[in-house]
>>> print(open('target_4.cif').read())   # mmCIF, C-alpha atoms
data_target
#
loop_
_atom_site.label_atom_id
_atom_site.label_comp_id
_atom_site.auth_asym_id
_atom_site.auth_seq_id
_atom_site.Cartn_x
_atom_site.Cartn_y
_atom_site.Cartn_z
CA MET A 1 -63.32 -26.86 18.55
CA GLU A 2 -61.79 -27.75 21.93
CA VAL A 3 -65.20 -28.75 23.26
CA PHE A 4 -65.73 -31.15 20.36
CA ASP A 5 -62.25 -32.65 20.79
CA GLU A 6 -62.98 -33.25 24.46
CA ILE A 7 -66.35 -34.91 23.69
CA TYR A 8 -64.76 -37.03 20.96
CA LYS A 9 -61.93 -38.25 23.21
CA ARG A 10 -64.23 -38.89 26.14
CA TYR A 11 -67.02 -40.73 24.33
CA TRP A 12 -65.58 -42.39 21.19
CA ASP A 13 -64.88 -45.81 22.78
CA ARG A 14 -68.20 -45.86 24.62
CA ILE A 15 -70.18 -44.91 21.50
CA PHE A 16 -68.32 -47.54 19.45
CA ARG A 17 -69.20 -50.25 21.99
CA LEU A 18 -72.81 -49.06 22.02
CA CYS A 19 -72.94 -49.35 18.23
CA MET A 20 -71.30 -52.80 18.37
CA GLY A 21 -74.04 -53.87 20.75
CA TYR A 22 -76.59 -52.81 18.18
CA VAL A 23 -75.13 -54.13 14.95
CA ASN A 24 -72.50 -56.74 15.95
CA ASP A 25 -70.39 -55.68 12.96
CA HIS A 26 -67.02 -53.98 13.56
CA ASN A 27 -66.93 -51.93 10.34
CA LEU A 28 -70.56 -50.87 10.54
CA ALA A 29 -70.12 -49.94 14.22
CA GLN A 30 -67.15 -47.74 13.25
CA ASP A 31 -69.23 -46.09 10.51
CA LEU A 32 -72.11 -45.46 12.92
CA THR A 33 -69.69 -44.05 15.49
CA GLN A 34 -68.26 -41.66 12.89
CA GLU A 35 -71.78 -40.64 11.81
CA THR A 36 -72.60 -39.95 15.44
CA PHE A 37 -69.64 -37.62 15.84
CA ILE A 38 -70.36 -35.88 12.54
CA SER A 39 -73.84 -35.16 13.92
CA VAL A 40 -72.36 -34.02 17.24
CA TRP A 41 -69.99 -31.68 15.36
CA LYS A 42 -72.82 -30.20 13.30
CA GLN A 43 -75.27 -29.89 16.21
CA LEU A 44 -72.85 -28.75 18.92
CA PRO A 45 -73.60 -25.02 18.41
CA LYS A 46 -77.31 -25.80 19.02
CA PHE A 47 -76.70 -27.88 22.19
CA ARG A 48 -78.53 -26.13 25.04
CA ASN A 49 -77.37 -28.13 28.09
CA GLU A 50 -80.92 -29.35 28.76
CA SER A 51 -79.37 -32.76 29.43
CA SER A 52 -75.78 -33.83 30.05
CA VAL A 53 -73.47 -33.94 27.05
CA GLY A 54 -73.17 -37.71 27.52
CA THR A 55 -76.93 -38.23 27.40
CA TRP A 56 -77.11 -36.07 24.29
CA VAL A 57 -74.31 -37.97 22.51
CA PHE A 58 -75.77 -41.37 23.46
CA ARG A 59 -79.19 -40.25 22.18
CA ILE A 60 -77.67 -39.26 18.82
CA ALA A 61 -75.84 -42.61 18.61
CA SER A 62 -78.97 -44.55 19.56
CA ASN A 63 -81.02 -42.78 16.90
CA ASN A 64 -78.32 -43.51 14.28
CA CYS A 65 -78.31 -47.19 15.26
CA LEU A 66 -82.12 -47.41 15.16
CA ARG A 67 -82.15 -45.82 11.68
CA GLN A 68 -79.53 -48.35 10.55
CA ILE A 69 -81.60 -51.25 11.87
CA GLU A 70 -84.70 -49.90 10.11
CA LYS A 71 -82.67 -49.65 6.89
CA GLN A 72 -81.44 -53.24 7.29
CA ASN A 73 -84.99 -54.46 7.89
CA ARG A 74 -86.23 -52.67 4.77
CA PHE A 75 -83.36 -53.91 2.61
CA PRO A 76 -82.24 -57.35 3.85
CA LYS A 77 -78.60 -58.16 3.27
CA GLY A 78 -77.87 -60.16 0.17
CA GLN A 79 -75.72 -63.24 0.32
CA LEU A 80 -72.02 -62.87 -0.40
CA PRO A 81 -70.91 -64.45 -3.66
CA SER A 82 -69.86 -68.04 -2.93
CA ASN A 83 -66.20 -67.37 -3.76
CA LEU A 84 -65.95 -64.68 -1.05
CA VAL A 85 -65.48 -65.64 2.57
CA GLU A 86 -66.90 -63.33 5.22
CA GLU A 87 -64.11 -62.10 7.45
CA LYS A 88 -64.59 -62.66 11.14
CA GLN A 89 -63.45 -60.29 13.86
CA THR A 90 -60.27 -61.81 15.21
CA ASN A 91 -59.17 -59.14 17.63
CA ILE A 92 -62.13 -59.47 20.00
CA GLU A 93 -62.10 -62.09 22.73
CA PRO A 94 -64.51 -64.98 22.03
CA GLN A 95 -66.62 -64.25 25.13
CA ILE A 96 -66.98 -60.58 24.18
CA GLN A 97 -67.80 -61.59 20.62
CA PHE A 98 -70.48 -63.96 21.96
CA LEU A 99 -71.85 -61.17 24.17
CA TYR A 100 -72.19 -58.86 21.14
CA LYS A 101 -73.89 -61.67 19.22
CA CYS A 102 -76.37 -62.23 22.09
CA ILE A 103 -77.05 -58.51 22.43
CA ALA A 104 -77.62 -58.23 18.67
CA GLU A 105 -80.34 -60.90 18.95
CA LEU A 106 -82.32 -58.85 21.51
CA PRO A 107 -85.24 -56.61 20.51
CA GLU A 108 -84.12 -53.09 19.51
CA ILE A 109 -85.12 -51.31 22.72
CA ASP A 110 -83.43 -53.98 24.85
CA ARG A 111 -80.23 -53.60 22.79
CA ILE A 112 -80.00 -49.90 23.48
CA ILE A 113 -80.84 -50.30 27.18
CA ILE A 114 -78.26 -53.01 27.87
CA SER A 115 -75.62 -51.31 25.72
CA LEU A 116 -76.06 -48.09 27.71
CA GLU A 117 -76.04 -50.06 30.98
CA LEU A 118 -72.76 -51.71 29.97
CA GLU A 119 -71.33 -48.24 29.41
CA ASP A 120 -72.23 -47.31 33.02
CA VAL A 121 -74.77 -44.73 31.91
CA LYS A 122 -77.00 -43.92 34.88
CA GLN A 123 -80.45 -45.49 34.73
CA ALA A 124 -82.09 -42.06 34.92
CA GLU A 125 -80.13 -41.04 31.80
CA ILE A 126 -81.06 -44.30 30.04
CA ALA A 127 -84.72 -43.54 30.83
CA SER A 128 -84.29 -40.09 29.32
CA ILE A 129 -82.55 -41.43 26.21
CA VAL A 130 -85.13 -44.13 25.43
CA GLY A 131 -88.20 -42.34 26.77
CA LEU A 132 -89.24 -44.82 29.46
CA SER A 133 -89.64 -44.44 33.22
CA GLU A 134 -86.69 -45.18 35.47
CA ALA A 135 -88.66 -47.99 37.17
CA ASN A 136 -89.37 -49.56 33.78
CA ILE A 137 -85.66 -49.33 32.91
CA ARG A 138 -84.70 -51.14 36.14
CA VAL A 139 -87.13 -53.98 35.38
CA LYS A 140 -85.99 -54.22 31.75
CA ILE A 141 -82.30 -54.30 32.73
CA HIS A 142 -82.97 -57.10 35.21
CA ARG A 143 -84.86 -59.14 32.58
CA ILE A 144 -82.24 -58.51 29.88
CA LYS A 145 -79.45 -59.62 32.21
CA GLU A 146 -81.42 -62.80 32.99
CA LYS A 147 -81.82 -63.52 29.25
CA LEU A 148 -78.11 -62.94 28.59
CA THR A 149 -77.11 -65.09 31.57
CA GLN A 150 -79.28 -67.93 30.25
CA LYS A 151 -77.63 -67.66 26.82
CA PHE A 152 -74.16 -67.71 28.38
CA THR A 153 -74.88 -70.70 30.63
CA SER A 154 -76.45 -72.68 27.77
CA ASN A 155 -73.43 -71.82 25.58
CA GLU A 156 -70.98 -73.13 28.19
CA ARG A 157 -72.57 -76.59 28.28
#
>>> encode(input="target_4.cif", output="structure tokens")
Amino acid sequence: MEVFDEIYKRYWDRIFRLCMGYVNDHNLAQDLTQETFISVWKQLPKFRNESSVGTWVFRIASNNCLRQIEKQNRFPKGQLPSNLVEEKQTNIEPQIQFLYKCIAELPEIDRIIISLELEDVKQAEIASIVGLSEANIRVKIHRIKEKLTQKFTSNER
């Protein structure tokens, strides 16, 4: 129980931001974060320390996000009835909101890589989580940052 509480306190914010990077939807990111920690709770007795706890938790979160994206692709969102107005996130700074929007437009694998990078996860751990070589991760991070920088500079004009 104490171990789970420690993991929850240490990783909740980071996992939430990771999920936001994937889905760019505050409520859905909260749901995915909760699902992640439900999985962590259930699987904690089976955790064998073959990787760090952080790598393990991020891998669970990444898999949850990928499943959610697959679900969304299979069942596209319907339009809201015209009398309902979609609520926007008001408590997030506009630049951060724009960053999440830009990240959400990236291909799936790039989303997970940059979201983990933004959480200061070591590149070796990112490689382990996504199943690519560390060298490939370095190249991808560089290219993703270039894409995001281009989007930010074109948005400022």
>>> closest_residue(input="target_4.cif", among="A:Lys71, A:Arg17, A:Lys145, A:Arg10", to="Val53 (chain A)", atoms="only C-alpha atoms")
A:Arg10
>>> resolve_selection(input="target_4.cif", expression="the PyMOL selection byres ((chain A and resi 147) around 12)", output="PyMOL selection string")
chain A and resi 99+102-103+105-107+110-111+114+140-146+148-154
>>> atom_distance(input="target_4.cif", atom1="CA of Ala124 (chain A)", atom2="CA of Ile109 (chain A)")
15.6 Å
>>> atom_distance(input="target_4.cif", atom1="CA of Asn24 (chain A)", atom2="CA of Val121 (chain A)")
20.1 Å
>>> resolve_selection(input="target_4.cif", expression="the PyMOL selection byres ((chain A and resi 126) around 8)", output="MDAnalysis selection string")
chainID A and resid 55 113 116:117 121:125 127:130 134 137
